[in-house]
>>> print(open('run-v4.cif').read())   # mmCIF, C-alpha atoms
data_run
#
loop_
_atom_site.label_atom_id
_atom_site.label_comp_id
_atom_site.auth_asym_id
_atom_site.auth_seq_id
_atom_site.Cartn_x
_atom_site.Cartn_y
_atom_site.Cartn_z
CA MET A 1335 -27.89 3.49 -45.55
CA LEU A 1336 -25.66 0.45 -45.50
CA GLY A 1337 -22.64 2.71 -45.23
CA GLY A 1338 -24.11 4.33 -42.10
CA MET A 1339 -24.64 0.92 -40.52
CA THR A 1340 -21.15 -0.35 -41.27
CA SER A 1341 -19.52 2.85 -40.02
CA ASN A 1342 -20.95 2.19 -36.53
CA LEU A 1343 -20.03 -1.48 -36.51
CA PRO A 1344 -16.59 -1.07 -34.88
CA LEU A 1345 -18.06 1.12 -32.14
CA ASN A 1346 -20.78 -1.44 -31.47
CA GLU A 1347 -18.15 -4.17 -31.34
CA LEU A 1348 -16.08 -2.06 -28.95
CA GLY A 1349 -19.11 -1.62 -26.68
CA GLU A 1350 -19.82 -5.35 -26.65
CA PHE A 1351 -16.16 -6.06 -25.94
CA LEU A 1352 -16.20 -3.70 -22.94
CA LYS A 1353 -19.39 -5.36 -21.62
CA LYS A 1354 -17.87 -8.84 -21.84
CA ARG A 1355 -14.68 -7.81 -20.12
CA ARG A 1356 -16.36 -6.06 -17.17
CA ALA A 1357 -18.65 -9.09 -16.76
CA GLU A 1358 -15.56 -11.20 -16.13
CA LEU A 1359 -14.37 -9.12 -13.18
CA SER A 1360 -15.61 -9.07 -9.60
CA PRO A 1361 -15.41 -6.10 -7.22
CA ARG A 1362 -12.85 -7.99 -5.16
CA THR A 1363 -10.66 -8.46 -8.26
CA VAL A 1364 -10.25 -4.70 -8.66
CA GLY A 1365 -10.04 -3.88 -4.95
CA LEU A 1366 -13.64 -2.80 -4.36
CA PRO A 1367 -15.69 -3.97 -1.37
CA ASP A 1368 -18.37 -6.58 -2.05
CA ALA A 1369 -21.80 -5.01 -1.70
CA ALA A 1370 -24.26 -6.65 0.65
CA GLY A 1371 -26.95 -8.72 -1.04
CA PRO A 1372 -27.16 -10.13 -4.58
CA ARG A 1373 -25.92 -8.08 -7.54
CA ARG A 1374 -28.25 -7.49 -10.47
CA VAL A 1375 -25.43 -7.73 -13.01
CA THR A 1376 -22.63 -10.21 -13.53
CA GLY A 1377 -19.23 -8.70 -12.86
CA LEU A 1378 -18.69 -4.96 -12.46
CA ARG A 1379 -21.39 -2.35 -12.89
CA ARG A 1380 -20.97 0.43 -15.42
CA GLU A 1381 -20.68 3.03 -12.67
CA GLU A 1382 -17.92 1.02 -10.98
CA VAL A 1383 -15.87 0.86 -14.18
CA ALA A 1384 -16.44 4.58 -14.70
CA HIS A 1385 -15.29 5.43 -11.17
CA LEU A 1386 -12.20 3.26 -11.47
CA ALA A 1387 -11.35 4.94 -14.78
CA SER A 1388 -12.08 8.44 -13.39
CA ILE A 1389 -14.67 9.16 -16.10
CA SER A 1390 -18.40 9.86 -15.84
CA THR A 1391 -20.91 7.01 -15.90
CA ASP A 1392 -22.69 8.72 -18.79
CA TYR A 1393 -19.48 8.86 -20.83
CA TYR A 1394 -18.75 5.19 -20.20
CA THR A 1395 -22.37 4.21 -20.98
CA ARG A 1396 -22.14 5.96 -24.35
CA LEU A 1397 -18.97 3.99 -25.11
CA GLU A 1398 -20.71 0.69 -24.38
CA GLN A 1399 -23.70 1.74 -26.47
CA GLY A 1400 -21.48 2.58 -29.45
CA ARG A 1401 -22.53 6.24 -29.39
CA MET A 1402 -19.16 7.84 -28.70
CA GLN A 1403 -15.53 7.62 -29.78
CA ALA A 1404 -12.99 7.12 -27.00
CA SER A 1405 -9.65 8.93 -26.85
CA ALA A 1406 -6.42 6.96 -26.62
CA PRO A 1407 -5.80 7.97 -22.96
CA VAL A 1408 -9.29 6.79 -21.98
CA LEU A 1409 -8.77 3.50 -23.82
CA ASP A 1410 -5.44 3.06 -22.06
CA THR A 1411 -7.10 3.63 -18.69
CA LEU A 1412 -9.95 1.23 -19.46
CA ALA A 1413 -7.45 -1.42 -20.51
CA ARG A 1414 -5.81 -1.20 -17.09
CA VAL A 1415 -9.08 -1.03 -15.16
CA LEU A 1416 -10.46 -4.10 -16.98
CA HIS A 1417 -7.18 -6.01 -16.58
CA LEU A 1418 -6.77 -6.56 -20.33
CA ASP A 1419 -3.79 -8.53 -21.54
CA ASP A 1420 -1.60 -7.26 -24.40
CA ASP A 1421 -3.69 -8.90 -27.14
CA GLN A 1422 -6.99 -7.64 -25.69
CA ARG A 1423 -5.56 -4.16 -25.32
CA ALA A 1424 -4.38 -4.14 -28.96
CA TYR A 1425 -7.83 -5.32 -30.06
CA LEU A 1426 -9.53 -2.57 -28.03
CA PHE A 1427 -7.42 0.11 -29.73
CA GLN A 1428 -8.01 -1.49 -33.14
CA LEU A 1429 -11.78 -1.35 -32.69
CA ALA A 1430 -11.50 2.33 -31.74
CA GLY A 1431 -9.27 3.09 -34.71
CA LYS A 1432 -6.46 4.30 -32.45
CA THR A 1433 -2.77 3.52 -32.36
CA ALA A 1434 -1.82 1.62 -29.23
CA HIS A 1435 1.28 3.01 -27.59
CA ARG A 1436 2.53 1.09 -24.61
CA THR A 1437 2.74 3.21 -21.48
CA ARG A 1438 6.21 3.13 -19.99
CA ARG A 1439 5.93 1.20 -16.77
CA ARG A 1440 7.98 2.50 -13.89
CA GLY A 1441 9.82 -0.09 -11.87
CA ARG A 1442 8.99 -0.83 -8.28
CA GLN A 1443 10.59 1.72 -5.98
CA LYS A 1444 13.02 0.68 -3.30
CA VAL A 1445 14.16 2.96 -0.54
CA GLN A 1446 17.46 4.69 -1.26
CA PRO A 1447 20.27 3.22 0.89
CA GLN A 1448 21.18 6.68 2.23
CA LEU A 1449 17.62 7.23 3.47
CA GLN A 1450 17.54 3.76 5.01
CA ARG A 1451 20.70 4.56 6.97
CA VAL A 1452 19.12 7.77 8.24
CA LEU A 1453 16.08 5.79 9.40
CA ASP A 1454 18.30 3.24 11.13
CA ASP A 1455 20.05 6.02 13.08
CA LEU A 1456 16.85 7.80 14.14
CA THR A 1457 15.83 6.12 17.39
CA ALA A 1458 14.11 9.02 19.17
CA THR A 1459 12.37 10.57 16.14
CA PRO A 1460 9.52 8.98 14.16
CA ALA A 1461 10.37 8.90 10.47
CA LEU A 1462 9.33 7.15 7.28
CA VAL A 1463 10.07 7.26 3.56
CA GLN A 1464 7.26 7.68 1.05
CA GLY A 1465 7.53 7.13 -2.68
CA ARG A 1466 5.19 7.75 -5.57
CA ARG A 1467 1.48 7.95 -4.67
CA GLY A 1468 2.41 8.06 -0.98
CA ASP A 1469 3.57 4.43 -1.02
CA ILE A 1470 5.40 3.65 2.22
CA LEU A 1471 8.86 2.38 1.30
CA ALA A 1472 10.53 2.29 4.72
CA TRP A 1473 10.00 3.35 8.34
CA ASN A 1474 11.63 3.18 11.74
CA SER A 1475 10.15 1.46 14.78
CA LEU A 1476 9.03 4.75 16.36
CA ALA A 1477 7.02 5.67 13.25
CA ALA A 1478 5.32 2.26 13.42
CA ALA A 1479 4.56 2.82 17.11
CA LEU A 1480 3.26 6.32 16.37
CA VAL A 1481 1.00 5.56 13.38
CA THR A 1482 0.51 1.81 12.80
CA ASP A 1483 2.51 -1.38 12.41
CA PHE A 1484 3.23 -1.02 8.70
CA SER A 1485 4.72 -4.51 8.56
CA ARG A 1486 1.21 -5.92 9.08
CA VAL A 1487 -0.11 -4.09 6.01
CA PRO A 1488 0.29 -6.06 2.74
CA GLU A 1489 2.99 -4.46 0.63
CA LYS A 1490 0.64 -3.63 -2.25
CA GLN A 1491 -1.66 -1.80 0.18
CA ARG A 1492 1.14 -0.07 2.11
CA ASN A 1493 0.15 3.40 0.99
CA TYR A 1494 -0.33 6.32 3.38
CA PRO A 1495 -3.49 7.86 1.83
CA ARG A 1496 -5.04 4.40 1.57
CA ILE A 1497 -4.33 3.67 5.23
CA GLN A 1498 -5.73 7.06 6.23
CA PHE A 1499 -9.05 6.32 4.53
CA THR A 1500 -9.42 2.59 5.16
CA ASP A 1501 -8.05 2.06 8.70
CA PRO A 1502 -10.71 3.18 11.22
CA ALA A 1503 -8.01 3.77 13.85
CA MET A 1504 -6.67 6.70 11.80
CA ARG A 1505 -9.87 8.66 12.36
CA THR A 1506 -9.32 8.63 16.11
CA LEU A 1507 -5.53 8.93 15.99
CA TYR A 1508 -5.67 12.29 14.19
CA ALA A 1509 -7.26 15.03 16.28
CA ASP A 1510 -8.36 16.65 12.99
CA TRP A 1511 -8.60 13.68 10.66
CA GLU A 1512 -10.50 15.56 7.96
CA ALA A 1513 -7.85 18.26 7.61
CA SER A 1514 -5.08 15.66 7.41
CA ALA A 1515 -6.99 13.50 4.94
CA GLN A 1516 -7.72 16.51 2.73
CA ILE A 1517 -4.00 17.26 2.57
CA SER A 1518 -3.34 13.67 1.48
CA VAL A 1519 -5.92 14.00 -1.31
CA ALA A 1520 -4.41 17.31 -2.43
CA GLN A 1521 -0.94 15.72 -2.50
CA LEU A 1522 -2.31 12.87 -4.61
CA ARG A 1523 -3.76 15.45 -7.01
CA MET A 1524 -0.29 16.96 -7.36
CA GLU A 1525 1.08 13.49 -8.05
CA ALA A 1526 -1.60 12.84 -10.69
CA ALA A 1527 -0.55 15.97 -12.55
CA LYS A 1528 3.04 14.74 -12.56
CA TYR A 1529 2.22 11.16 -13.58
CA PRO A 1530 -1.25 11.19 -15.22
CA ASP A 1531 -0.73 7.74 -16.76
CA ASP A 1532 0.38 5.96 -13.58
CA PRO A 1533 -1.84 2.84 -13.49
CA ARG A 1534 -1.43 2.24 -9.76
CA LEU A 1535 -2.38 5.82 -8.95
CA ILE A 1536 -5.45 5.55 -11.19
CA GLU A 1537 -6.46 2.32 -9.45
CA LEU A 1538 -5.88 3.87 -6.02
CA VAL A 1539 -8.03 6.91 -6.79
CA GLY A 1540 -10.76 4.72 -8.26
CA GLU A 1541 -10.79 2.39 -5.27
CA LEU A 1542 -10.87 5.17 -2.66
CA SER A 1543 -13.52 7.09 -4.62
CA MET A 1544 -15.77 4.03 -4.50
CA ARG A 1545 -15.08 3.22 -0.86
CA ASP A 1546 -15.25 6.69 0.67
CA GLN A 1547 -17.67 9.47 -0.23
CA GLN A 1548 -15.48 12.14 1.37
CA PHE A 1549 -12.49 11.08 -0.74
CA ALA A 1550 -14.60 11.29 -3.90
CA GLN A 1551 -15.84 14.75 -2.91
CA TRP A 1552 -12.40 16.11 -2.07
CA TRP A 1553 -10.84 14.58 -5.18
CA GLY A 1554 -13.46 16.36 -7.25
CA GLU A 1555 -12.48 19.72 -5.74
CA HIS A 1556 -9.09 19.58 -7.54
CA ARG A 1557 -7.11 21.06 -4.66
CA VAL A 1558 -3.35 20.49 -4.74
CA ALA A 1559 -0.58 20.55 -2.17
CA ALA A 1560 3.12 19.70 -2.09
CA ARG A 1561 4.84 17.75 0.66
CA THR A 1562 6.44 20.48 2.76
CA VAL A 1563 6.04 21.16 6.51
CA GLY A 1564 3.25 21.37 9.04
CA THR A 1565 1.98 20.58 12.53
CA LYS A 1566 -0.31 17.73 13.53
CA THR A 1567 -1.99 16.80 16.79
CA LEU A 1568 -2.39 13.09 17.46
CA ASN A 1569 -4.39 11.36 20.18
CA HIS A 1570 -2.16 8.35 20.71
CA PRO A 1571 -3.71 5.36 22.52
CA VAL A 1572 -0.55 4.71 24.58
CA VAL A 1573 0.93 8.12 25.47
CA GLY A 1574 -1.97 10.53 24.88
CA GLU A 1575 -1.86 13.86 23.06
CA LEU A 1576 1.13 14.58 20.83
CA VAL A 1577 1.68 17.91 19.09
CA LEU A 1578 4.22 17.20 16.37
CA ASP A 1579 5.95 19.30 13.74
CA TRP A 1580 6.54 17.38 10.52
CA ASP A 1581 9.05 18.15 7.81
CA THR A 1582 9.78 16.52 4.47
CA LEU A 1583 13.17 16.02 2.87
CA THR A 1584 13.50 14.94 -0.79
CA ALA A 1585 16.21 12.54 -1.90
CA ASN A 1586 18.49 13.94 -4.60
CA THR A 1587 19.11 10.40 -5.84
CA ASP A 1588 15.37 9.87 -6.42
CA PRO A 1589 13.16 13.00 -6.29
CA ASP A 1590 10.12 10.73 -5.90
CA GLN A 1591 11.30 9.59 -2.47
CA HIS A 1592 10.54 11.77 0.55
CA LEU A 1593 11.74 11.36 4.12
CA THR A 1594 9.12 12.62 6.60
CA VAL A 1595 10.13 13.22 10.22
CA TRP A 1596 7.99 14.17 13.22
CA THR A 1597 9.68 16.22 15.92
CA ALA A 1598 8.70 18.02 19.12
CA GLU A 1599 10.02 21.06 20.94
CA PRO A 1600 12.70 19.94 23.42
CA GLY A 1601 11.37 19.97 26.98
CA SER A 1602 7.74 19.97 25.84
CA PRO A 1603 5.23 17.38 27.06
CA THR A 1604 5.21 15.85 23.57
CA HIS A 1605 9.00 15.51 23.59
CA GLU A 1606 8.82 13.55 26.84
CA ARG A 1607 5.93 11.42 25.57
CA LEU A 1608 7.93 10.51 22.46
CA ARG A 1609 10.68 9.19 24.76
CA ILE A 1610 8.08 7.13 26.59
CA LEU A 1611 6.70 5.85 23.28
CA ALA A 1612 10.19 4.87 22.11
CA SER A 1613 10.71 2.87 25.31
CA TRP A 1614 7.30 1.23 24.89
CA ALA A 1615 8.10 0.34 21.25
CA ALA A 1616 11.36 -1.28 22.31
CA ASP A 1617 9.56 -3.37 24.97
CA GLN A 1618 6.89 -4.37 22.44
CA HIS A 1619 9.49 -5.10 19.75
CA VAL A 1620 7.67 -2.89 17.24
CA PRO A 1621 9.39 -3.64 13.91
CA ALA A 1622 11.05 -1.17 11.59
CA SER A 1623 11.38 -1.86 7.89
CA SER A 1624 14.19 -4.16 6.85
CA SER A 1625 17.49 -2.51 6.07
CA VAL A 1626 18.67 -2.41 2.48
CA GLY A 1627 21.53 -4.79 1.84
#
>>> encode(input="run-v4.cif", output="structure tokens")
Amino acid sequence: MLGGMTSNLPLNELGEFLKKRRAELSPRTVGLPDAAGPRRVTGLRREEVAHLASISTDYYTRLEQGRMQASAPVLDTLARVLHLDDDQRAYLFQLAGKTAHRTRRRGRQKVQPQLQRVLDDLTATPALVQGRRGDILAWNSLAAALVTDFSRVPEKQRNYPRIQFTDPAMRTLYADWEASAQISVAQLRMEAAKYPDDPRLIELVGELSMRDQQFAQWWGEHRVAARTVGTKTLNHPVVGELVLDWDTLTANTDPDQHLTVWTAEPGSPTHERLRILASWAADQHVPASSSVG
């Protein structure tokens, strides 16, 4: 009987350790909105940790109750979600009886100089460069005038899917916001398959799943899409309706960087309205991203 009790001791300790760590975090710390009214628990709720880690609440509850073993990938995700330092992470893996392998962290992406030069030369065509997870690495002034002033978005939040779901203006800018947003979710799914251990992608998915019910639903459908070509209709507040073809070019120097351009048929109403928008952006001094030195 004693042997049965001692065999569960590490799992119980692991559960208590997880409880203590989530109690130390606030929703704001992990990028979640503060709920109105008092919270019944200190720190994060179990369901919030589960959502951020992309696991079920029942699975996470069993971990905290010492009733289930956790796999190394789940432990690695929980360590990131709970903001554990290196010593805490090693202790978590030790309690679970797993070997802790450090996930290779990818350096911060910077726009490729060749793509930046292309952006600098495009004055009549909206264009931007996206990196991993849809992070916005660079843009020209016409793209900022078309979509939003990206320079006003904090760098860590300068992510296209995040802007689509968190900026209310996007829902009126896109004539069919749902279709466009679903494509963004499907592209993120494709990215997750390529980089399943990307901590920033995991955090992004967890945050948007908690903030937006539609995102959570579409993410759960497991649809995928690559960045290719398409047509979008925008209802722009300055120049009105724009019917734009978009195309994506991938950088050979960094396959995780994609140049997206929006164009219109020459002589079409949209083509003329883009010219008007470019003139308006120049008068308003709408900023492009800084050139790479």
>>> atom_distance(input="run-v4.cif", atom1="CA of Val1577 (chain A)", atom2="CA of Val1481 (chain A)")
13.6 Å
>>> resolve_selection(input="run-v4.cif", expression="the PyMOL selection byres ((chain A and resi 1398) around 7)", output="PyMOL selection string")
chain A and resi 1349-1350+1352-1353+1394-1397+1399-1400
>>> residues_around(input="run-v4.cif", residues="region 1545-1558 of chain A", least_positions_apart="6", cutoff="7 Å", atoms="only C-alpha atoms", output="VMD selection string")
chain A and resid 1516 1519 to 1521 1523 to 1524
>>> closest_residue(input="run-v4.cif", among="A:Thr1391, A:Gln1403, A:Thr1500, A:Thr1376", to="Ala1357 (chain A)", atoms="all atoms listed in the file")
A:Thr1376
>>> atom_distance(input="run-v4.cif", atom1="CA of Val1563 (chain A)", atom2="CA of Pro1488 (chain A)")
28.1 Å
>>> build_atoms(input="run-v4.cif", residues="region 1561-1574 of chain A", atoms="N, CA and C atoms", output="short mmCIF file (atom, residue, chain, number, x, y, z; two decimals), in the frame of the given file")
data_model
loop_
_atom_site.label_atom_id
_atom_site.label_comp_id
_atom_site.auth_asym_id
_atom_site.auth_seq_id
_atom_site.Cartn_x
_atom_site.Cartn_y
_atom_site.Cartn_z
N ARG A 1561 4.37 18.23 -0.64
CA ARG A 1561 4.84 17.75 0.66
C ARG A 1561 5.88 18.73 1.19
N THR A 1562 5.54 19.45 2.24
CA THR A 1562 6.44 20.48 2.76
C THR A 1562 6.61 20.32 4.26
N VAL A 1563 5.95 21.19 5.05
CA VAL A 1563 6.04 21.16 6.51
C VAL A 1563 4.65 21.40 7.09
N GLY A 1564 4.52 21.14 8.38
CA GLY A 1564 3.25 21.37 9.04
C GLY A 1564 3.27 20.90 10.48
N THR A 1565 2.14 21.02 11.14
CA THR A 1565 1.98 20.58 12.53
C THR A 1565 0.72 19.74 12.63
N LYS A 1566 0.84 18.60 13.34
CA LYS A 1566 -0.31 17.73 13.53
C LYS A 1566 -0.45 17.40 15.00
N THR A 1567 -1.70 17.25 15.43
CA THR A 1567 -1.99 16.80 16.79
C THR A 1567 -2.57 15.40 16.72
N LEU A 1568 -1.94 14.48 17.44
CA LEU A 1568 -2.39 13.09 17.46
C LEU A 1568 -2.87 12.73 18.86
N ASN A 1569 -3.91 11.91 18.92
CA ASN A 1569 -4.39 11.36 20.18
C ASN A 1569 -3.95 9.90 20.24
N HIS A 1570 -2.74 9.69 20.76
CA HIS A 1570 -2.16 8.35 20.71
C HIS A 1570 -2.73 7.47 21.81
N PRO A 1571 -3.08 6.22 21.52
CA PRO A 1571 -3.71 5.36 22.52
C PRO A 1571 -2.80 4.97 23.68
N VAL A 1572 -1.48 5.11 23.52
CA VAL A 1572 -0.55 4.71 24.58
C VAL A 1572 -0.08 5.90 25.40
N VAL A 1573 0.31 7.00 24.75
CA VAL A 1573 0.93 8.12 25.47
C VAL A 1573 0.07 9.39 25.48
N GLY A 1574 -1.09 9.36 24.85
CA GLY A 1574 -1.97 10.53 24.88
C GLY A 1574 -1.67 11.55 23.80
#
